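Undergrad: Compact mmCIF, C-alpha atoms and all ligand atoms, file upload17.txt:
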```
# COMPACT_ATOMS: atom_id res chain seq x y z
CA MET A 1 5.14 -22.29 13.35
CA LYS A 2 6.43 -19.31 11.43
CA LYS A 3 7.28 -15.83 12.67
CA ILE A 4 6.49 -13.18 10.12
CA LEU A 5 7.36 -9.50 10.28
CA ILE A 6 4.98 -7.22 8.39
CA THR A 7 6.23 -3.64 8.20
CA GLY A 8 3.78 -0.76 7.70
CA GLY A 9 0.91 -2.90 8.95
CA ALA A 10 -1.00 0.07 10.35
CA GLY A 11 -1.26 1.70 6.91
CA PHE A 12 -3.78 1.17 4.13
CA ILE A 13 -2.58 -1.99 2.37
CA GLY A 14 -0.56 -3.23 5.34
CA SER A 15 -3.62 -3.38 7.61
CA HIS A 16 -5.43 -5.59 5.09
CA VAL A 17 -2.34 -7.81 4.81
CA VAL A 18 -2.04 -8.12 8.60
CA ARG A 19 -5.74 -8.98 9.03
CA HIS A 20 -5.53 -11.60 6.27
CA PHE A 21 -2.44 -13.32 7.68
CA VAL A 22 -3.61 -13.21 11.32
CA ASN A 23 -6.98 -14.75 10.46
CA LYS A 24 -5.93 -17.19 7.77
CA TYR A 25 -2.78 -18.50 9.44
CA PRO A 26 -3.39 -19.00 13.17
CA GLN A 27 -0.23 -21.13 13.21
CA TYR A 28 1.89 -18.08 12.26
CA GLU A 29 2.96 -15.38 14.68
CA ILE A 30 2.45 -12.04 12.99
CA PHE A 31 4.50 -9.01 14.07
CA ASN A 32 3.26 -5.67 12.80
CA LEU A 33 6.12 -3.14 12.92
CA ASP A 34 4.99 0.42 12.29
CA LYS A 35 6.27 3.86 13.20
CA LEU A 36 2.72 5.24 13.17
CA THR A 37 3.40 8.21 10.97
CA TYR A 38 0.45 10.36 9.89
CA ALA A 39 -0.51 7.43 7.59
CA GLY A 40 -0.41 4.69 10.23
CA ASN A 41 -3.56 4.11 12.21
CA LEU A 42 -4.06 1.25 14.66
CA GLU A 43 -7.81 1.77 14.47
CA ASN A 44 -7.52 -0.05 11.14
CA LEU A 45 -6.82 -3.23 13.11
CA THR A 46 -9.17 -3.17 16.11
CA ASP A 47 -10.73 -6.48 15.00
CA VAL A 48 -7.43 -8.40 15.24
CA GLU A 49 -5.56 -6.60 18.01
CA LYS A 50 -6.54 -9.14 20.68
CA MET A 51 -5.76 -12.22 18.59
CA PRO A 52 -3.10 -14.39 20.29
CA ASN A 53 -0.97 -14.65 17.11
CA TYR A 54 -0.82 -10.85 16.60
CA HIS A 55 1.82 -8.54 18.05
CA PHE A 56 2.26 -4.83 17.47
CA VAL A 57 5.71 -3.27 17.68
CA LYS A 58 6.09 0.48 17.43
CA GLY A 59 9.33 1.43 15.73
CA ASP A 60 11.17 3.05 12.87
CA ILE A 61 12.65 0.87 10.10
CA GLU A 62 15.44 3.42 9.82
CA ASP A 63 16.60 2.88 13.41
CA ALA A 64 19.52 0.48 12.83
CA GLU A 65 20.06 -0.63 16.42
CA PHE A 66 16.38 -1.14 17.15
CA ILE A 67 15.84 -3.13 13.93
CA MET A 68 18.88 -5.33 14.50
CA ASN A 69 17.82 -6.08 18.10
CA LEU A 70 14.29 -6.93 16.97
CA PHE A 71 15.55 -9.36 14.31
CA GLN A 72 18.03 -10.96 16.71
CA LYS A 73 15.37 -11.36 19.41
CA GLU A 74 12.49 -12.63 17.28
CA GLN A 75 14.38 -14.61 14.59
CA PHE A 76 11.76 -13.96 11.89
CA ASP A 77 11.26 -16.53 9.15
CA GLY A 78 9.77 -14.05 6.73
CA VAL A 79 9.48 -10.32 6.13
CA ILE A 80 6.71 -8.64 4.15
CA HIS A 81 7.90 -5.08 3.77
CA LEU A 82 5.26 -2.42 3.15
CA ALA A 83 6.40 0.45 5.37
CA ALA A 84 7.01 3.47 3.19
CA GLU A 85 6.22 7.06 2.49
CA SER A 86 3.63 6.49 -0.22
CA HIS A 87 2.22 9.77 -1.52
CA VAL A 88 3.69 11.28 -4.70
CA ASP A 89 2.62 14.85 -3.84
CA ARG A 90 4.40 14.69 -0.47
CA SER A 91 7.52 13.37 -2.25
CA ILE A 92 7.55 16.50 -4.38
CA THR A 93 7.54 18.77 -1.33
CA ASN A 94 9.85 16.61 0.84
CA PRO A 95 12.00 14.21 -1.23
CA LEU A 96 14.52 13.56 1.57
CA GLN A 97 11.93 11.93 3.80
CA PHE A 98 11.32 9.43 1.00
CA ILE A 99 15.01 8.57 0.72
CA HIS A 100 15.15 8.05 4.48
CA THR A 101 12.15 5.78 4.80
CA ASN A 102 11.94 4.04 1.45
CA VAL A 103 15.63 3.61 0.67
CA LEU A 104 17.56 3.65 3.96
CA GLY A 105 14.74 1.94 5.88
CA THR A 106 14.62 -0.89 3.35
CA VAL A 107 18.39 -1.35 3.46
CA GLN A 108 18.33 -1.49 7.30
CA LEU A 109 15.79 -4.31 7.10
CA LEU A 110 17.83 -6.15 4.46
CA HIS A 111 20.97 -5.78 6.55
CA ALA A 112 19.29 -7.00 9.74
CA ALA A 113 17.73 -9.98 7.93
CA LYS A 114 21.04 -10.92 6.29
CA THR A 115 22.97 -10.62 9.55
CA THR A 116 20.40 -12.60 11.53
CA TRP A 117 19.87 -15.35 8.95
CA ASN A 118 23.64 -15.54 8.50
CA GLY A 119 23.53 -17.59 5.32
CA ASN A 120 20.88 -19.98 6.73
CA TYR A 121 18.18 -19.25 4.20
CA GLU A 122 16.13 -22.45 4.45
CA GLY A 123 12.45 -21.49 4.89
CA LYS A 124 13.25 -17.78 4.83
CA LYS A 125 11.88 -15.02 2.60
CA PHE A 126 12.23 -11.24 2.30
CA TYR A 127 9.33 -9.81 0.31
CA GLN A 128 9.44 -6.22 -0.93
CA ILE A 129 6.06 -4.67 -1.79
CA SER A 130 6.64 -2.21 -4.59
CA THR A 131 4.77 -0.17 -7.15
CA ASP A 132 4.30 -0.06 -10.92
CA GLU A 133 5.43 3.60 -10.73
CA VAL A 134 9.08 2.44 -10.83
CA TYR A 135 8.61 1.72 -14.56
CA GLY A 136 7.86 5.36 -15.35
CA ALA A 137 5.03 6.40 -17.63
CA LEU A 138 3.38 4.87 -20.69
CA GLY A 139 1.91 6.66 -23.69
CA ASP A 140 -1.54 5.78 -24.96
CA THR A 141 -0.62 2.14 -25.58
CA GLY A 142 1.59 -0.58 -24.09
CA LEU A 143 1.83 -2.34 -20.74
CA PHE A 144 4.49 -2.68 -18.03
CA SER A 145 5.91 -6.19 -17.83
CA GLU A 146 8.43 -7.59 -15.33
CA THR A 147 11.21 -6.88 -17.83
CA THR A 148 10.30 -3.24 -18.51
CA PRO A 149 13.37 -1.15 -17.55
CA TYR A 150 13.00 1.00 -14.44
CA ASN A 151 12.50 4.66 -15.34
CA PRO A 152 11.01 6.44 -12.32
CA HIS A 153 10.05 10.12 -12.50
CA SER A 154 8.85 11.22 -9.07
CA PRO A 155 10.93 11.24 -5.88
CA TYR A 156 8.47 8.62 -4.55
CA SER A 157 8.95 6.24 -7.47
CA ALA A 158 12.71 6.93 -7.60
CA ALA A 159 13.00 5.98 -3.92
CA LYS A 160 10.91 2.81 -4.39
CA ALA A 161 13.00 1.91 -7.46
CA SER A 162 16.20 2.41 -5.49
CA ALA A 163 14.88 0.16 -2.71
CA ASP A 164 13.94 -2.53 -5.26
CA HIS A 165 17.49 -2.40 -6.65
CA PHE A 166 18.90 -2.97 -3.15
CA VAL A 167 16.54 -5.90 -2.62
CA ARG A 168 17.77 -7.47 -5.87
CA ALA A 169 21.38 -6.70 -4.90
CA TYR A 170 20.93 -8.66 -1.64
CA HIS A 171 19.68 -11.61 -3.67
CA ASP A 172 22.37 -11.42 -6.33
CA THR A 173 25.28 -10.64 -4.01
CA PHE A 174 24.43 -12.50 -0.80
CA GLY A 175 22.01 -15.15 -2.07
CA MET A 176 19.21 -13.81 0.13
CA PRO A 177 15.80 -15.28 -0.82
CA THR A 178 14.12 -12.04 -1.84
CA VAL A 179 11.02 -11.45 -3.97
CA ILE A 180 9.47 -8.24 -5.27
CA SER A 181 6.02 -7.40 -6.58
CA ASN A 182 5.05 -4.22 -8.39
CA CYS A 183 1.37 -3.38 -8.12
CA SER A 184 -0.89 -0.77 -9.69
CA ASN A 185 -3.10 1.72 -7.78
CA ASN A 186 -5.04 0.13 -4.94
CA TYR A 187 -8.45 1.26 -3.73
CA GLY A 188 -10.65 0.13 -0.86
CA PRO A 189 -11.38 0.81 2.83
CA ASN A 190 -8.82 2.43 5.16
CA GLN A 191 -6.88 4.46 2.58
CA PHE A 192 -5.61 7.76 3.94
CA PRO A 193 -7.70 10.62 2.52
CA GLU A 194 -4.83 12.32 0.73
CA LYS A 195 -5.13 9.81 -2.14
CA LEU A 196 -7.58 10.46 -4.97
CA ILE A 197 -10.53 8.22 -4.12
CA PRO A 198 -10.96 8.76 -0.34
CA LEU A 199 -10.11 12.46 -0.70
CA PHE A 200 -12.78 12.95 -3.32
CA ILE A 201 -15.39 10.90 -1.41
CA ASN A 202 -14.82 13.14 1.60
CA ASN A 203 -14.94 16.32 -0.47
CA ILE A 204 -18.11 15.34 -2.34
CA LYS A 205 -19.78 14.51 0.95
CA HIS A 206 -18.90 17.91 2.38
CA ASN A 207 -19.53 19.83 -0.88
CA LYS A 208 -15.89 20.83 -1.17
CA PRO A 209 -14.07 21.42 -4.51
CA LEU A 210 -12.54 18.39 -6.25
CA PRO A 211 -9.01 19.40 -7.36
CA VAL A 212 -8.46 17.61 -10.69
CA TYR A 213 -4.82 17.88 -11.75
CA GLY A 214 -4.27 19.15 -15.31
CA GLN A 215 -7.02 18.05 -17.66
CA GLY A 216 -7.82 14.86 -15.71
CA LEU A 217 -6.55 12.80 -18.65
CA ASN A 218 -3.97 10.73 -16.76
CA VAL A 219 -4.73 7.03 -16.67
CA ARG A 220 -4.38 4.68 -13.70
CA ASP A 221 -5.08 0.96 -13.34
CA TRP A 222 -7.16 0.32 -10.20
CA LEU A 223 -7.11 -2.88 -8.14
CA TYR A 224 -9.26 -3.67 -5.09
CA VAL A 225 -6.97 -3.92 -2.06
CA GLU A 226 -8.19 -7.43 -1.09
CA ASP A 227 -7.17 -8.71 -4.52
CA HIS A 228 -3.69 -7.31 -3.90
CA VAL A 229 -3.60 -9.09 -0.54
CA GLU A 230 -4.48 -12.43 -2.20
CA ALA A 231 -1.61 -11.90 -4.64
CA ILE A 232 0.76 -11.07 -1.76
CA ASP A 233 -0.21 -14.28 0.04
CA LEU A 234 0.49 -16.38 -3.07
CA ILE A 235 3.78 -14.66 -3.84
CA PHE A 236 4.96 -14.88 -0.23
CA HIS A 237 4.33 -18.62 -0.14
CA GLN A 238 5.12 -19.68 -3.69
CA ALA A 239 7.45 -17.27 -5.50
CA LYS A 240 10.98 -18.48 -6.21
CA PRO A 241 13.86 -16.51 -4.65
CA GLY A 242 14.97 -13.67 -6.89
CA SER A 243 11.64 -13.46 -8.74
CA THR A 244 9.48 -10.46 -9.55
CA TYR A 245 5.75 -10.26 -10.26
CA ASN A 246 3.60 -7.48 -11.65
CA ILE A 247 0.11 -7.18 -10.17
CA GLY A 248 -2.68 -5.24 -11.84
CA GLY A 249 -6.43 -4.99 -12.20
CA ASN A 250 -6.87 -4.89 -16.01
CA ASN A 251 -8.93 -1.87 -15.09
CA GLU A 252 -7.69 1.37 -16.63
CA TRP A 253 -9.52 4.63 -16.00
CA ARG A 254 -8.83 8.19 -17.06
CA ASN A 255 -8.97 10.24 -13.84
CA ILE A 256 -11.83 12.39 -15.07
CA ASP A 257 -13.94 9.35 -16.00
CA LEU A 258 -13.27 7.75 -12.62
CA ILE A 259 -14.23 10.99 -10.87
CA LYS A 260 -17.48 11.25 -12.85
CA LYS A 261 -18.30 7.64 -11.96
CA LEU A 262 -17.61 8.43 -8.30
CA ILE A 263 -19.87 11.49 -8.47
CA GLU A 264 -22.67 9.40 -9.97
CA ILE A 265 -22.44 6.86 -7.12
CA MET A 266 -22.11 9.50 -4.41
CA ASP A 267 -25.04 11.62 -5.65
CA ARG A 268 -27.22 8.50 -5.69
CA LYS A 269 -26.14 7.43 -2.19
CA LEU A 270 -26.49 10.91 -0.73
CA GLY A 271 -29.94 11.34 -2.29
CA ARG A 272 -28.83 14.28 -4.43
CA PRO A 273 -30.27 14.78 -7.94
CA GLU A 274 -28.06 13.06 -10.55
CA GLY A 275 -25.08 15.18 -11.58
CA THR A 276 -25.35 17.65 -8.66
CA SER A 277 -21.74 17.21 -7.56
CA LEU A 278 -20.28 17.65 -11.06
CA SER A 279 -20.10 21.36 -10.24
CA LEU A 280 -17.45 20.55 -7.58
CA ILE A 281 -14.95 19.54 -10.27
CA THR A 282 -12.18 22.15 -10.27
CA TYR A 283 -9.28 21.87 -12.69
CA VAL A 284 -6.05 22.88 -10.95
CA THR A 285 -2.37 23.14 -11.92
CA ASP A 286 -1.01 19.77 -12.93
CA ARG A 287 1.23 17.75 -10.60
CA ALA A 288 4.90 18.32 -11.49
CA GLY A 289 6.26 15.42 -13.58
CA HIS A 290 2.77 13.83 -13.62
CA ASP A 291 3.04 10.35 -15.20
CA LEU A 292 0.52 10.05 -18.03
CA ARG A 293 -0.45 6.41 -17.86
CA TYR A 294 0.26 3.24 -15.87
CA ALA A 295 -0.94 -0.16 -17.08
CA ILE A 296 0.12 -3.66 -16.13
CA ASP A 297 0.67 -6.89 -17.98
CA ALA A 298 -0.25 -9.33 -15.19
CA SER A 299 0.05 -12.50 -17.28
CA LYS A 300 3.08 -13.86 -15.40
CA ILE A 301 1.31 -14.07 -12.03
CA LYS A 302 -1.77 -15.51 -13.75
CA ASN A 303 0.19 -18.19 -15.61
CA GLU A 304 2.59 -19.13 -12.81
CA LEU A 305 0.52 -18.68 -9.64
CA GLY A 306 -3.06 -18.72 -10.96
CA TRP A 307 -3.85 -15.25 -9.60
CA GLU A 308 -6.42 -12.96 -11.17
CA PRO A 309 -8.42 -10.10 -9.67
CA LYS A 310 -11.70 -11.41 -8.27
CA VAL A 311 -13.50 -8.20 -7.37
CA ARG A 312 -15.29 -6.51 -10.27
CA PHE A 313 -14.65 -2.78 -10.31
CA ASP A 314 -18.29 -1.65 -10.08
CA GLU A 315 -18.77 -3.94 -7.07
CA GLY A 316 -15.51 -2.94 -5.34
CA PHE A 317 -16.08 0.76 -5.98
CA GLU A 318 -19.61 0.71 -4.45
CA LYS A 319 -18.30 -1.27 -1.48
CA THR A 320 -15.50 1.26 -1.01
CA VAL A 321 -17.85 4.25 -1.12
CA ASP A 322 -20.19 2.52 1.37
CA TRP A 323 -17.29 1.85 3.73
CA TYR A 324 -16.23 5.50 3.83
CA LEU A 325 -19.82 6.72 4.20
CA ASN A 326 -20.41 4.27 7.06
CA ASN A 327 -17.15 5.10 8.81
CA GLU A 328 -17.48 8.80 9.39
CA GLU A 329 -15.73 8.43 12.74
CA TRP A 330 -12.65 6.85 11.09
CA PHE A 331 -12.55 9.74 8.65
CA SER A 332 -12.77 12.37 11.35
CA HIS A 333 -10.11 10.65 13.46
CA VAL A 334 -7.54 10.36 10.66
CA THR A 335 -8.09 13.91 9.59
CA SER A 336 -7.87 15.28 13.14
CA GLY A 337 -5.00 13.16 14.45
CA GLU A 338 -7.16 11.54 17.15
CA TYR A 339 -5.68 8.19 16.26
CA GLU A 340 -2.54 9.20 18.15
CA GLU A 341 -4.67 9.42 21.26
CA TYR A 342 -5.98 5.95 20.47
CA TYR A 343 -2.42 4.66 20.41
CA GLN A 344 -1.67 6.22 23.81
CA LYS A 345 -4.81 4.63 25.22
CA MET A 346 -4.04 1.18 23.80
CA TYR A 347 -0.28 1.00 24.16
CA GLY A 348 0.79 3.75 26.54
CA ASN A 349 4.43 4.73 26.13
CA ARG A 350 5.60 1.48 24.54
P1 LIG A 401 0.39 4.02 3.62
O1 LIG A 401 1.04 5.35 3.47
O2 LIG A 401 -1.08 3.93 3.81
O3 LIG A 401 1.06 3.23 4.85
C1 LIG A 401 2.43 3.25 5.09
C2 LIG A 401 2.66 2.71 6.51
O4 LIG A 401 4.08 2.69 6.74
C3 LIG A 401 2.04 3.57 7.60
O5 LIG A 401 1.37 2.74 8.54
C4 LIG A 401 3.24 4.26 8.24
O6 LIG A 401 3.05 4.57 9.62
C5 LIG A 401 4.32 3.22 8.04
N1 LIG A 401 5.67 3.81 8.06
C6 LIG A 401 6.09 4.92 7.37
N2 LIG A 401 7.37 5.17 7.66
C7 LIG A 401 7.79 4.21 8.53
C8 LIG A 401 9.02 3.94 9.18
N3 LIG A 401 10.10 4.72 9.00
N4 LIG A 401 9.10 2.86 10.00
C9 LIG A 401 8.01 2.05 10.19
N5 LIG A 401 6.82 2.29 9.61
C10 LIG A 401 6.70 3.35 8.79
O7 LIG A 401 0.87 3.18 2.35
P2 LIG A 401 0.07 2.12 1.45
O8 LIG A 401 -0.68 2.84 0.40
O9 LIG A 401 -0.62 1.16 2.33
O10 LIG A 401 1.31 1.42 0.73
C11 LIG A 401 1.98 0.34 1.38
C12 LIG A 401 3.12 -0.14 0.48
O11 LIG A 401 2.59 -0.58 -0.76
C13 LIG A 401 4.16 0.94 0.16
O12 LIG A 401 5.43 0.34 0.18
C14 LIG A 401 3.78 1.39 -1.24
O13 LIG A 401 4.91 1.84 -1.95
C15 LIG A 401 3.24 0.11 -1.84
N6 LIG A 401 2.22 0.28 -2.90
C16 LIG A 401 1.12 1.05 -2.69
C17 LIG A 401 0.15 1.17 -3.69
C18 LIG A 401 -1.10 1.99 -3.48
O14 LIG A 401 -1.89 2.12 -4.41
N7 LIG A 401 -1.37 2.51 -2.29
C19 LIG A 401 0.33 0.51 -4.90
C20 LIG A 401 1.48 -0.28 -5.09
C21 LIG A 401 2.41 -0.39 -4.07
P1 LIG A 402 -3.00 9.28 -6.22
O1 LIG A 402 -4.19 8.69 -5.53
O2 LIG A 402 -2.18 10.30 -5.51
O3 LIG A 402 -2.10 8.05 -6.70
P2 LIG A 402 -0.79 8.03 -7.69
O4 LIG A 402 -0.29 9.39 -7.89
O5 LIG A 402 0.16 7.19 -6.91
O6 LIG A 402 -1.27 7.37 -8.95
O7 LIG A 402 -3.50 9.94 -7.58
C1 LIG A 402 -4.18 9.20 -8.56
C2 LIG A 402 -4.36 10.09 -9.77
O8 LIG A 402 -5.23 11.18 -9.44
C3 LIG A 402 -3.06 10.73 -10.25
O9 LIG A 402 -3.05 10.80 -11.68
C4 LIG A 402 -3.11 12.13 -9.66
C5 LIG A 402 -4.60 12.44 -9.63
N1 LIG A 402 -5.04 13.33 -8.54
C6 LIG A 402 -5.81 14.45 -8.83
O10 LIG A 402 -6.13 14.75 -10.00
N2 LIG A 402 -6.21 15.25 -7.77
C7 LIG A 402 -5.89 14.97 -6.48
O11 LIG A 402 -6.27 15.75 -5.56
C8 LIG A 402 -5.12 13.79 -6.21
C9 LIG A 402 -4.73 13.44 -4.79
C10 LIG A 402 -4.72 13.00 -7.27
```
Go through the file and emit its structure as structure tokens.
TA:
Amino acid sequence: MKKILITGGAGFIGSHVVRHFVNKYPQYEIFNLDKLTYAGNLENLTDVEKMPNYHFVKGDIEDAEFIMNLFQKEQFDGVIHLAAESHVDRSITNPLQFIHTNVLGTVQLLHAAKTTWNGNYEGKKFYQISTDEVYGALGDTGLFSETTPYNPHSPYSAAKASADHFVRAYHDTFGMPTVISNCSNNYGPNQFPEKLIPLFINNIKHNKPLPVYGQGLNVRDWLYVEDHVEAIDLIFHQAKPGSTYNIGGNNEWRNIDLIKKLIEIMDRKLGRPEGTSLSLITYVTDRAGHDLRYAIDASKIKNELGWEPKVRFDEGFEKTVDWYLNNEEWFSHVTSGEYEEYYQKMYGNR
């Protein structure tokens, strides 16, 4: 029996992690701690909410007293920490929120885990889910490896980098069994439609302009969310304390090429003549400090843990588009805030 705390489990990646752990490990008790910000949606987890090994806890990782009481009461064996503010554009308009959640929230969790475990680290693990954006930006060539120096540019990546440093500090100073993974851009079902792919699917469907930042020449490496979850499972169970792994899809796309591919799929699925939606492409002012290119050297996780992405991009991309087209109700709820009503219905004032 293990008790595992997953933070941010109502968000995009977190909901896939929660589902995976609840279904695959019936012998574990899974606690999903989420504040339910605009990005947290319990409708992502309706299929597991009645499972006996699943518990939802509404709360803020920044609330020191609440977090300490939760750790003392539940005595978790492991923490998989995903709760964060995750959107670069929001970090440009409101950097302080990112320091609060991503930095202070992470340190509260570290402090509560350290205090509760009290030097008894046998069978314990604190796993920080981070991003490749902490490494900064690449030019046309090169890859981020685990030893690439941190060089974040956006308030989002600076806050994640800061949190990663604290996680390492708790390992190096207090001997806490921490691990970190830094992953490239995820895509798949349940992503909040402020991020490129779900936003553009929604806009194409409703014939709305597609705001392409700058010239659309920035490059991202895209990984199907379920592949990320498989890597998280392996790292959580097998990584040595103090270790770091990069996770990537070997799947680099210039934004404009990805958008054209998306348009091709969407026009076909919506029964529009090929190329119809290309006219929606609208070049807009570039994002401030826009990182040119991210790309990952994922050889360490392949060599040490045997992980590789399984989902081919063309297959994962079609599946993703189908999911959004078949889940119109999900879309309308997350864009209208109806999921807060869902929470009230399911959990009342808890
Ligand atoms: P998301 O924005 O979809 O979800 C974040 C979740 O955290 C939401 O459910 C939200 O309610 C919750 N949350 C926010 N503030 C909280 C607080 N103070 N207390 C408790 N819960 C809070 O994010 P995501 O895209 O699923 O990303 C999850 C994690 O993975 C983040 O740490 C992010 O940095 C990291 N990551 C994301 C990607 C990506 O492509 N999306 C890539 C690499 C790493
Ligand atoms: P995003 O999904 O926000 O992820 P990240 O910034 O973490 O990589 O954006 C992916 C890429 O798409 C990034 O280069 C910014 C660009 N982009 C646009 O061109 N237009 C948009 O409306 C959005 C949201 C993103």
Undergrad: Using all atoms listed in the file, which residues of the polymer chains come no farther than 6 Å from ligand LIG 401 (chain A)? I'd like the answer as a VMD selection string.
TA: chain A and resid 8 to 14 34 to 37 39 to 40 59 to 62 82 to 86 101 129 to 131 183 to 186 191 to 192
Undergrad: How many Å separate atom P2 of ligand LIG 402 (chain A) from CA of Met266 (chain A)?
TA: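 Computing the Euclidean distance for atom P2 of ligand LIG 402 (chain A) and CA of Met266 (chain A) yields 21.6 Å.
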Undergrad: For Arg168 (chain A), which residue out of A:Gln238, A:Thr106, A:Gln215, A:Thr141 is the nearest one, using all atoms listed in the file?
TA: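 Going through A:Gln238, A:Thr106, A:Gln215, A:Thr141 one by one, the smallest distance to Arg168 (chain A) is for A:Thr106.
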Undergrad: List every protein, DNA or RNA residue that has an atom no more than 12 Å from (0.9, 15.5, -1.1) in the file's coordinate frame, counting only C-alpha atoms, and report them as a list in words.
TA: Ala39, Glu85, Ser86, His87, Val88, Asp89, Arg90, Ser91, Ile92, Thr93, Asn94, Pro95, Pro155, Tyr156, Phe192, Pro193, Glu194, Lys195, Leu196, Leu199, Arg287 and Ala288 of chain A
Undergrad: Could you tell me how far atom O7 of ligand LIG 402 (chain A) sits from CA of Ser162 (chain A), in Å to one decimal place?
TA: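 Here the two named atoms are 21.2 Å from each other.
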Undergrad: May I have the residues within 12 Å of Val225 (chain A) as an MDAnalysis selection string, using all atoms listed in the file and disregarding those fewer than 5 positions away in the same chain?
TA: chainID A and resid 12:17 20 183:191 230:232 247:249 309:313 316:317 319:320
Undergrad: How would the residues just chosen look if you wrote them out with C-alpha atoms as a compact mmCIF listing (two decimals), in the coordinates of the input?
TA:
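What follows is the written file out-v1.txt:
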```txt
# COMPACT_ATOMS: atom_id res chain seq x y z
CA PHE A 12 -3.78 1.17 4.13
CA ILE A 13 -2.58 -1.99 2.37
CA GLY A 14 -0.56 -3.23 5.34
CA SER A 15 -3.62 -3.38 7.61
CA HIS A 16 -5.43 -5.59 5.09
CA VAL A 17 -2.34 -7.81 4.81
CA HIS A 20 -5.53 -11.60 6.27
CA CYS A 183 1.37 -3.38 -8.12
CA SER A 184 -0.89 -0.77 -9.69
CA ASN A 185 -3.10 1.72 -7.78
CA ASN A 186 -5.04 0.13 -4.94
CA TYR A 187 -8.45 1.26 -3.73
CA GLY A 188 -10.65 0.13 -0.86
CA PRO A 189 -11.38 0.81 2.83
CA ASN A 190 -8.82 2.43 5.16
CA GLN A 191 -6.88 4.46 2.58
CA GLU A 230 -4.48 -12.43 -2.20
CA ALA A 231 -1.61 -11.90 -4.64
CA ILE A 232 0.76 -11.07 -1.76
CA ILE A 247 0.11 -7.18 -10.17
CA GLY A 248 -2.68 -5.24 -11.84
CA GLY A 249 -6.43 -4.99 -12.20
CA PRO A 309 -8.42 -10.10 -9.67
CA LYS A 310 -11.70 -11.41 -8.27
CA VAL A 311 -13.50 -8.20 -7.37
CA ARG A 312 -15.29 -6.51 -10.27
CA PHE A 313 -14.65 -2.78 -10.31
CA GLY A 316 -15.51 -2.94 -5.34
CA PHE A 317 -16.08 0.76 -5.98
CA LYS A 319 -18.30 -1.27 -1.48
CA THR A 320 -15.50 1.26 -1.01
```
Undergrad: From the options A:Asn255, A:Gln128, A:Asn326, A:Asn69, which residue's atoms come nearest to ligand LIG 402 (chain A), counting all atoms listed in the file?
TA: A:Asn255
Undergrad: Residues around (-6.4, 2.5, -22.2), cut-off 12 Å, counting only C-alpha atoms - what are they as a PyMOL selection string?
TA: chain A and resi 138-143+217-221+250-255+257+292-296
Undergrad: Do you know which residues are at most 8 Å from region 171-182 of chain A counting only C-alpha atoms, after dropping those on the same chain fewer than 2 positions away, and could you put them as a list in words?
TA: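 Near neighbours after the sequence-gap exclusion: Lys114, Gly119, Tyr121, Lys124, Lys125, Phe126, Tyr127, Gln128, Ile129, Ser130, Thr131, Asp132, Asp164, Val167, Arg168, Ala169, Ser184, Ile235, Phe236, Ala239, Lys240, Pro241, Gly242, Ser243, Thr244, Tyr245, Asn246 and Ile247 of chain A.
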Undergrad: Excluding same-chain residues fewer than 5 positions from Asn327 (chain A), what lies within 12 Å of it counting all atoms listed in the file, as a ChimeraX atom specification?
TA: /A:43-44,189-190,198,201-202,320-322,332-334
Undergrad: Around all the atoms of region 143-156 of chain A listed in the file, with 5 Å of room on each side, what axis-aligned box do you get, giving centre and edge lengths in Å to one decimal, as AutoDock Vina command-line options?
TA:
```
--center_x 7.6 --center_y 1.8 --center_z -12.6 --size_x 21.5 --size_y 28.8 --size_z 26.2
```
Undergrad: What's the separation between atom N2 of ligand LIG 402 (chain A) and CA of Phe331 (chain A), in Å to one decimal place?
TA: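 Those two atoms sit 18.4 Å apart.
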Undergrad: My list of candidates is A:Asp286, A:Glu264, A:Glu122, A:Asp47. Which is closest to ligand LIG 402 (chain A) when distances are computed with only C-alpha atoms and all ligand atoms?
TA: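 Result for the nearest residue to ligand LIG 402 (chain A): A:Asp286.
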Undergrad: Rank nothing, just name the residue among A:Ile263, A:Ile301, A:Leu280, A:Ile197 nearest to ligand LIG 402 (chain A), using only C-alpha atoms and all ligand atoms.
TA: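 Ranking A:Ile263, A:Ile301, A:Leu280, A:Ile197 by distance to ligand LIG 402 (chain A), first place goes to A:Ile197.
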Undergrad: Taking only C-alpha atoms and all ligand atoms into account, name the residue in A:Lys160, A:Lys300, A:His237, A:Lys2 that is nearest to ligand LIG 402 (chain A).
TA: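 Closest to ligand LIG 402 (chain A), using only C-alpha atoms and all ligand atoms: A:Lys160.
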Undergrad: Extract, using all atoms listed in the file, all DNA, RNA and protein residues at most 6 Å from Leu33 (chain A), discarding same-chain residues fewer than 2 positions from it, and format them as a PyMOL selection string.
TA: chain A and resi 7+57-58
Undergrad: Here is a test: counting all atoms listed in the file, which residue of A:Gly337, A:Gly289, A:Gly136, A:Pro211 is nearest to ligand LIG 402 (chain A)?
TA: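 Of A:Gly337, A:Gly289, A:Gly136, A:Pro211, the one nearest ligand LIG 402 (chain A) is A:Pro211, counting all atoms listed in the file.
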